[in-house]
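Participant: The structure is given below, and queries will be raised subsequently.
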Amino acid sequence: MRYVDNLPYATKEEEHVVIPMSDGIRLSARIWRPTSSDDAPVPAVLEYIPYRKRDLSSQRDSMHHPYIAGHGYACVRVDLRGTGESEGLLTDEYLEQEQTDAEEVLAWLAEQPWCDGATGMMGISWGAFAALQVAARRPPSLRAVVISSFTDDRYADDMHYMGGAMLSDNLAEAGTMFAYATCPPDPAVVGDRWRDMWRERLDHARPWVLEWLRHQRRDAYWRHASVCENYQDVRCPVLASSGWADGYSNAVTRLLGHLDVPRKGLIGPWSHKYPHLGEPGPAIGYLQEVVRWWDHWLKGEDNGVMDGPMLQAWMQESVPPSTSYEERPGRWVAEPEWPSPQIQQVSHPLLRHRIVMPKNAEDTAEAGSPQGEAMTVQSPLSVGQFAGKWASYNAPPDLPYDQREEDGGSLVFDSPELTETVEILGSPAVELDLSVSEPVATVAARLSDIAPDGSATRVTYGVLNLTRRDGTGEPEPLEPGRRYRATLQLNGVAQSFPPGHRIRLSLSTSYWPLAWPPPRPVLLSVYEGSSALRLPVRPAAEPDGAPQRPFGDPEGTRPLATTQLTQPDQRWEVKRDLIGYDWALEIVKDRGTVRYEEIGLDVGCRAYERYTATGDDFTSVGGESDWTMRFRRGDWDVSVRTRTVLKCDEDHFFVDATLDGYEDERRVFSRTWNETLPRDGL
């Protein structure tokens, strides 16, 4: 990262600005803008998230908002109601109230004397969700959005119900927000009201996982704010980015294919990071691209921002399996439109433990009869221990490890050794002719790159709850022994398989703890010849259509000063007991204690996750998410501790949760939840 001190505009910062809402609630904003905007108004750019602008997100914010402000914009960072120093309550994600608040914030910005009336929204993750969702509501001042690491489908392509199967991140993210939504505001900003505001948050808190478990189908709860329900609602230009290591690797291309507004897509090798902070690298000069986007759509500059390809993607080269990479070798490729006419959907029939690799899509002579024999697998619960995280954050190392041990409990199909490079760009799919032994069943599919030494690097994967195989989210129990056809979509990826390597497809009936397993072990039968792997093949011999203008080096403004008072602790451990057959995955994400020097505040943040099972008892699985957040300045010392435990039997989920608030290490608030919810085809 190159820190830029000399920017085109001198800027000033307003650390705490109150924005009134129509119901009397006041939101807290931090604003960076050109000094000259007092006399020469500029467009405003909003980032709208719940992650505490004064401390927890302040260092990241300080790297890009002053940078964009220094190029002639008023950059505004607003905490959602009920977070940071904003009044009110945050009880769930993407509620109607959140979006109407955003519309009011944009209207307020457009009316300020330092704003020329044009606004944009930007963000990563929640901030990107917010920008896209608000864009679909068409507020009059909103001219364009810039979004990174997001989805347009809240049900099936978020951390909740991938392919209708419940992800463990449904618990983990609920645990995260259980903690964030109950943190206190800073007395240095809100004064003596801090305790009343904090107590209101504690009194109205609830474990978010309860609401998410009440909606196990794609119902109105998930359809709300899912832009995929009607892409035509979005009428402003969109610059969308994500990373192949992120959980959100699919939505960029979906937007490119479905929106009919000016749009550009960018997908790198990154985890859940902004592209200028991208890990694994290479990171790029993303903020330069963002400024060019704003210059065109908010200021009307004719700078050629819409020239060149619609999609730029990092074509990843083969690498050994690892739980973390500093860099992913590869190259940028570009597509002038999406879907790309040069990408062929090539179907490869599945025969007994092998993938047929015809020279072209029509050469299916080897496919055999559609009445082929059944190949069976009943996976142990241990398949999935090396799956990594649904969305990699690259800390602690959370990418999938060597898949050979996973493959031991899977149905495996290998291609012949490749004689020439095969490159894919897009979303692979598995078309299955199958039957199962139970009314509720899940299939996980993994695509791996097999090196000559046999090591297996997972390239992409997908999960499908077969009771929701038609994609509607309405469960339809399966009839044991009956044959069904189902299509399992894998996450989008760009990958180059070199000569001498093989392509492997692995199918399993469990993938714990990434996805919650079905109530009972399942015997899966897959019928050869009539099942196939479909790959989005991009001809390696074709020109890359490389960007006309290469990306610059990552730039940003100098981050706020912090001091690491206690050291972080990052762990990812798989533990096995070969006497009782218990095993556990334990994850520690402890940032240590950090002092934010500018405000003299010490903040500690520790998350602990634990996922367990015993043998092949599918009702023994359980997950736990514990958080501790601590804030300290002088004699002010406040902490929040949350714990959420999720267990099950064949028919129910059991949630046990606690919330404790402390002042000076003395507990001043405590509440518990113990609830039972029915399993609904999960």
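The way I read the labels, and the way they are meant: chains A, B, ... in the order of the structure tokens, residue 1 as the first residue of every chain, and ligand 1 as the first ligand shown, with later ones counted on from there.
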Hey, what's within 10 Å of segment 325-339 of chain A if we count only C-alpha atoms and toss same-chain stuff fewer than 4 positions away? As a VMD selection string, please?

Facilitator: chain A and resid 253 to 258 264 to 270 278 to 283 307 to 321 343 394 397 399 425 to 426 494 to 496 543 to 548 550 to 551

Participant: Between A:Ala515, A:Leu56, A:Ala10, A:Leu351, single out the one closest to Leu464 of chain A, counting only C-alpha atoms.

Facilitator: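 Of the candidates, the smallest distance to Leu464 of chain A is held by A:Ala515.
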
Participant: Please report, as an NGL selection string, each residue of segment 94-156 of chain A to which DSSP assigns strand (DSSP E or B) when run on this structure's backbone.

Facilitator: :A and (115-124 or 142-148)

Participant: List the spatial neighbours of Arg633 of chain A as a list in words - criterion: any atom at most 8 Å away, only C-alpha atoms, same-chain residues fewer than 3 positions off excluded.

Facilitator: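 Close residues of Arg633 of chain A: Gly600, Leu601, Asp602, Trp636 and Asp637 of chain A.
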
Participant: To one decimal place in Å, what is the distance between atom CA of Pro539 of chain A and atom CA of Glu423 of chain A?

Facilitator: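 Computing the Euclidean distance for atom CA of Pro539 of chain A and atom CA of Glu423 of chain A yields 6.7 Å.
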
Participant: Taking the DSSP secondary structure from the backbone, can you list the residues of segment 20-99 of chain A that are helix (DSSP H, G or I), as a ChimeraX atom specification?

Facilitator: /A:35-38,58-69,96-99

Participant: Export C-alpha atoms of the chosen residues as an mmCIF file, in the first residue's frame?

Facilitator:
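Output file part_36.cif follows:
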data_model
loop_
_atom_site.group_PDB
_atom_site.id
_atom_site.type_symbol
_atom_site.label_atom_id
_atom_site.label_comp_id
_atom_site.auth_asym_id
_atom_site.auth_seq_id
_atom_site.Cartn_x
_atom_site.Cartn_y
_atom_site.Cartn_z
ATOM 1 C CA THR A 35 -12.157 22.569 2.632
ATOM 2 C CA SER A 36 -13.270 24.367 -0.507
ATOM 3 C CA SER A 37 -16.711 22.697 -0.367
ATOM 4 C CA ASP A 38 -17.856 25.469 1.980
ATOM 5 C CA SER A 58 -11.927 3.658 11.956
ATOM 6 C CA GLN A 59 -8.500 2.551 10.753
ATOM 7 C CA ARG A 60 -9.865 1.082 7.518
ATOM 8 C CA ASP A 61 -12.150 4.084 7.011
ATOM 9 C CA SER A 62 -9.204 6.443 7.418
ATOM 10 C CA MET A 63 -7.411 4.816 4.482
ATOM 11 C CA HIS A 64 -10.076 5.383 1.848
ATOM 12 C CA HIS A 65 -12.561 8.086 2.856
ATOM 13 C CA PRO A 66 -9.960 10.881 3.203
ATOM 14 C CA TYR A 67 -8.434 9.647 -0.071
ATOM 15 C CA ILE A 68 -11.718 9.980 -1.948
ATOM 16 C CA ALA A 69 -12.473 13.285 -0.191
ATOM 17 C CA GLU A 96 -37.189 -1.823 6.155
ATOM 18 C CA GLN A 97 -36.244 0.691 8.850
ATOM 19 C CA GLU A 98 -32.586 0.445 7.906
ATOM 20 C CA GLN A 99 -33.351 1.241 4.284
#

Participant: Which residues are near Tyr51 of chain A? Cut-off 12 Å, only C-alpha atoms, ignore same chain within fewer than 5 positions. Put them as a PyMOL selection string.

Facilitator: chain A and resi 56-61+77-86+90+123-127+176-177+179-183+185

Participant: Atoms to include: C-alpha atoms. Write the selected residues as an mmCIF file, in the first residue's frame.

Facilitator:
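So the final result, stored in result-v8.cif, reads:
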data_model
loop_
_atom_site.group_PDB
_atom_site.id
_atom_site.type_symbol
_atom_site.label_atom_id
_atom_site.label_comp_id
_atom_site.auth_asym_id
_atom_site.auth_seq_id
_atom_site.Cartn_x
_atom_site.Cartn_y
_atom_site.Cartn_z
ATOM 1 C CA LEU A 56 -13.516 -0.825 15.116
ATOM 2 C CA SER A 57 -13.713 0.340 11.490
ATOM 3 C CA SER A 58 -11.927 3.658 11.956
ATOM 4 C CA GLN A 59 -8.500 2.551 10.753
ATOM 5 C CA ARG A 60 -9.865 1.082 7.518
ATOM 6 C CA ASP A 61 -12.150 4.084 7.011
ATOM 7 C CA ARG A 77 -19.494 7.264 7.170
ATOM 8 C CA VAL A 78 -22.739 6.601 9.069
ATOM 9 C CA ASP A 79 -23.321 3.973 11.750
ATOM 10 C CA LEU A 80 -26.704 2.248 11.460
ATOM 11 C CA ARG A 81 -29.217 3.059 14.166
ATOM 12 C CA GLY A 82 -28.386 1.197 17.352
ATOM 13 C CA THR A 83 -24.640 0.980 16.642
ATOM 14 C CA GLY A 84 -21.709 3.171 17.571
ATOM 15 C CA GLU A 85 -23.010 6.549 18.661
ATOM 16 C CA SER A 86 -26.229 6.317 16.636
ATOM 17 C CA LEU A 90 -30.376 -2.735 15.647
ATOM 18 C CA GLY A 123 -19.203 -0.316 0.737
ATOM 19 C CA ILE A 124 -18.011 -3.832 1.299
ATOM 20 C CA SER A 125 -20.149 -6.633 2.747
ATOM 21 C CA TRP A 126 -22.986 -5.022 4.758
ATOM 22 C CA GLY A 127 -22.140 -1.665 3.197
ATOM 23 C CA THR A 176 -20.962 -11.630 15.524
ATOM 24 C CA MET A 177 -23.967 -9.325 15.299
ATOM 25 C CA ALA A 179 -22.064 -8.852 20.064
ATOM 26 C CA TYR A 180 -21.836 -5.801 17.789
ATOM 27 C CA ALA A 181 -25.457 -4.778 18.380
ATOM 28 C CA THR A 182 -24.999 -4.755 22.171
ATOM 29 C CA CYS A 183 -21.820 -2.655 22.443
ATOM 30 C CA PRO A 185 -21.670 4.139 22.649
#

Participant: With only C-alpha atoms as the counted atoms, please give the residues lying no more than 12 Å from Gly500 of chain A, apart from itself and same-chain residues fewer than 2 positions off, as a PDB file with N, CA and C atoms, in the first residue's frame.

Facilitator:
ATOM      1  N   SER A 318      -2.507 -22.866 -11.092  1.00  0.00           N
ATOM      2  CA  SER A 318      -2.446 -23.973 -10.149  1.00  0.00           C
ATOM      3  C   SER A 318      -1.495 -23.653  -8.994  1.00  0.00           C
ATOM      4  N   SER A 415     -10.658 -36.820 -14.060  1.00  0.00           N
ATOM      5  CA  SER A 415     -10.419 -36.740 -15.499  1.00  0.00           C
ATOM      6  C   SER A 415      -9.145 -37.486 -15.839  1.00  0.00           C
ATOM      7  N   PRO A 416      -8.914 -37.800 -17.118  1.00  0.00           N
ATOM      8  CA  PRO A 416      -7.588 -38.261 -17.515  1.00  0.00           C
ATOM      9  C   PRO A 416      -6.574 -37.148 -17.273  1.00  0.00           C
ATOM     10  N   GLU A 417      -5.309 -37.507 -17.262  1.00  0.00           N
ATOM     11  CA  GLU A 417      -4.261 -36.497 -17.166  1.00  0.00           C
ATOM     12  C   GLU A 417      -4.394 -35.543 -18.354  1.00  0.00           C
ATOM     13  N   LEU A 418      -4.416 -34.255 -18.067  1.00  0.00           N
ATOM     14  CA  LEU A 418      -4.634 -33.267 -19.116  1.00  0.00           C
ATOM     15  C   LEU A 418      -3.414 -33.179 -20.028  1.00  0.00           C
ATOM     16  N   THR A 419      -3.660 -33.100 -21.310  1.00  0.00           N
ATOM     17  CA  THR A 419      -2.575 -32.947 -22.286  1.00  0.00           C
ATOM     18  C   THR A 419      -2.422 -31.505 -22.733  1.00  0.00           C
ATOM     19  N   GLU A 420      -3.401 -30.669 -22.389  1.00  0.00           N
ATOM     20  CA  GLU A 420      -3.321 -29.247 -22.696  1.00  0.00           C
ATOM     21  C   GLU A 420      -4.053 -28.482 -21.606  1.00  0.00           C
ATOM     22  N   THR A 421      -3.779 -27.190 -21.532  1.00  0.00           N
ATOM     23  CA  THR A 421      -4.382 -26.359 -20.497  1.00  0.00           C
ATOM     24  C   THR A 421      -5.899 -26.284 -20.675  1.00  0.00           C
ATOM     25  N   VAL A 422      -6.613 -26.412 -19.563  1.00  0.00           N
ATOM     26  CA  VAL A 422      -8.055 -26.198 -19.528  1.00  0.00           C
ATOM     27  C   VAL A 422      -8.320 -25.030 -18.587  1.00  0.00           C
ATOM     28  N   ASP A 449      -8.120 -29.403  -8.211  1.00  0.00           N
ATOM     29  CA  ASP A 449      -6.982 -29.484  -9.127  1.00  0.00           C
ATOM     30  C   ASP A 449      -6.016 -30.514  -8.545  1.00  0.00           C
ATOM     31  N   ILE A 450      -5.786 -31.612  -9.268  1.00  0.00           N
ATOM     32  CA  ILE A 450      -4.946 -32.701  -8.770  1.00  0.00           C
ATOM     33  C   ILE A 450      -3.582 -32.613  -9.435  1.00  0.00           C
ATOM     34  N   ALA A 451      -2.567 -32.364  -8.622  1.00  0.00           N
ATOM     35  CA  ALA A 451      -1.198 -32.236  -9.117  1.00  0.00           C
ATOM     36  C   ALA A 451      -0.607 -33.623  -9.382  1.00  0.00           C
ATOM     37  N   PRO A 452       0.499 -33.685 -10.115  1.00  0.00           N
ATOM     38  CA  PRO A 452       1.131 -34.989 -10.376  1.00  0.00           C
ATOM     39  C   PRO A 452       1.499 -35.754  -9.110  1.00  0.00           C
ATOM     40  N   ASP A 453       1.766 -35.056  -7.990  1.00  0.00           N
ATOM     41  CA  ASP A 453       2.095 -35.764  -6.743  1.00  0.00           C
ATOM     42  C   ASP A 453       0.857 -36.217  -5.987  1.00  0.00           C
ATOM     43  N   GLY A 454      -0.337 -35.962  -6.533  1.00  0.00           N
ATOM     44  CA  GLY A 454      -1.580 -36.402  -5.919  1.00  0.00           C
ATOM     45  C   GLY A 454      -2.236 -35.390  -5.010  1.00  0.00           C
ATOM     46  N   PHE A 497      -6.178 -25.091 -15.309  1.00  0.00           N
ATOM     47  CA  PHE A 497      -5.662 -26.426 -14.996  1.00  0.00           C
ATOM     48  C   PHE A 497      -4.560 -26.737 -16.010  1.00  0.00           C
ATOM     49  N   PRO A 498      -3.317 -26.927 -15.583  1.00  0.00           N
ATOM     50  CA  PRO A 498      -2.219 -27.103 -16.540  1.00  0.00           C
ATOM     51  C   PRO A 498      -2.089 -28.542 -17.033  1.00  0.00           C
ATOM     52  N   ARG A 502      -4.894 -33.285 -13.237  1.00  0.00           N
ATOM     53  CA  ARG A 502      -6.217 -33.849 -13.469  1.00  0.00           C
ATOM     54  C   ARG A 502      -7.268 -32.974 -12.784  1.00  0.00           C
ATOM     55  N   ILE A 503      -8.484 -33.045 -13.284  1.00  0.00           N
ATOM     56  CA  ILE A 503      -9.624 -32.372 -12.661  1.00  0.00           C
ATOM     57  C   ILE A 503     -10.417 -33.424 -11.896  1.00  0.00           C
TER      58      ILE A 503
END

Participant: Can you list, as a list of chain:residue names, every protein, DNA or RNA residue that comes within 7 Å of segment 603-613 of chain A when you count only C-alpha atoms, leaving out same-chain residues fewer than 4 positions away?

Facilitator: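 So the residues in contact are A:Pro513, A:Asp582, A:Trp583, A:Ala584, A:Leu585, A:Glu586, A:Ile587, A:Val588, A:Lys589, A:Asp590, A:Arg591, A:Gly592, A:Thr593, A:Val594, A:Arg595, A:Ser620, A:Val621, A:Gly622, A:Gly623, A:Glu624, A:Ser625, A:Asp626, A:Trp627, A:Thr628, A:Met629, A:Arg630, A:Phe631, A:Arg632.
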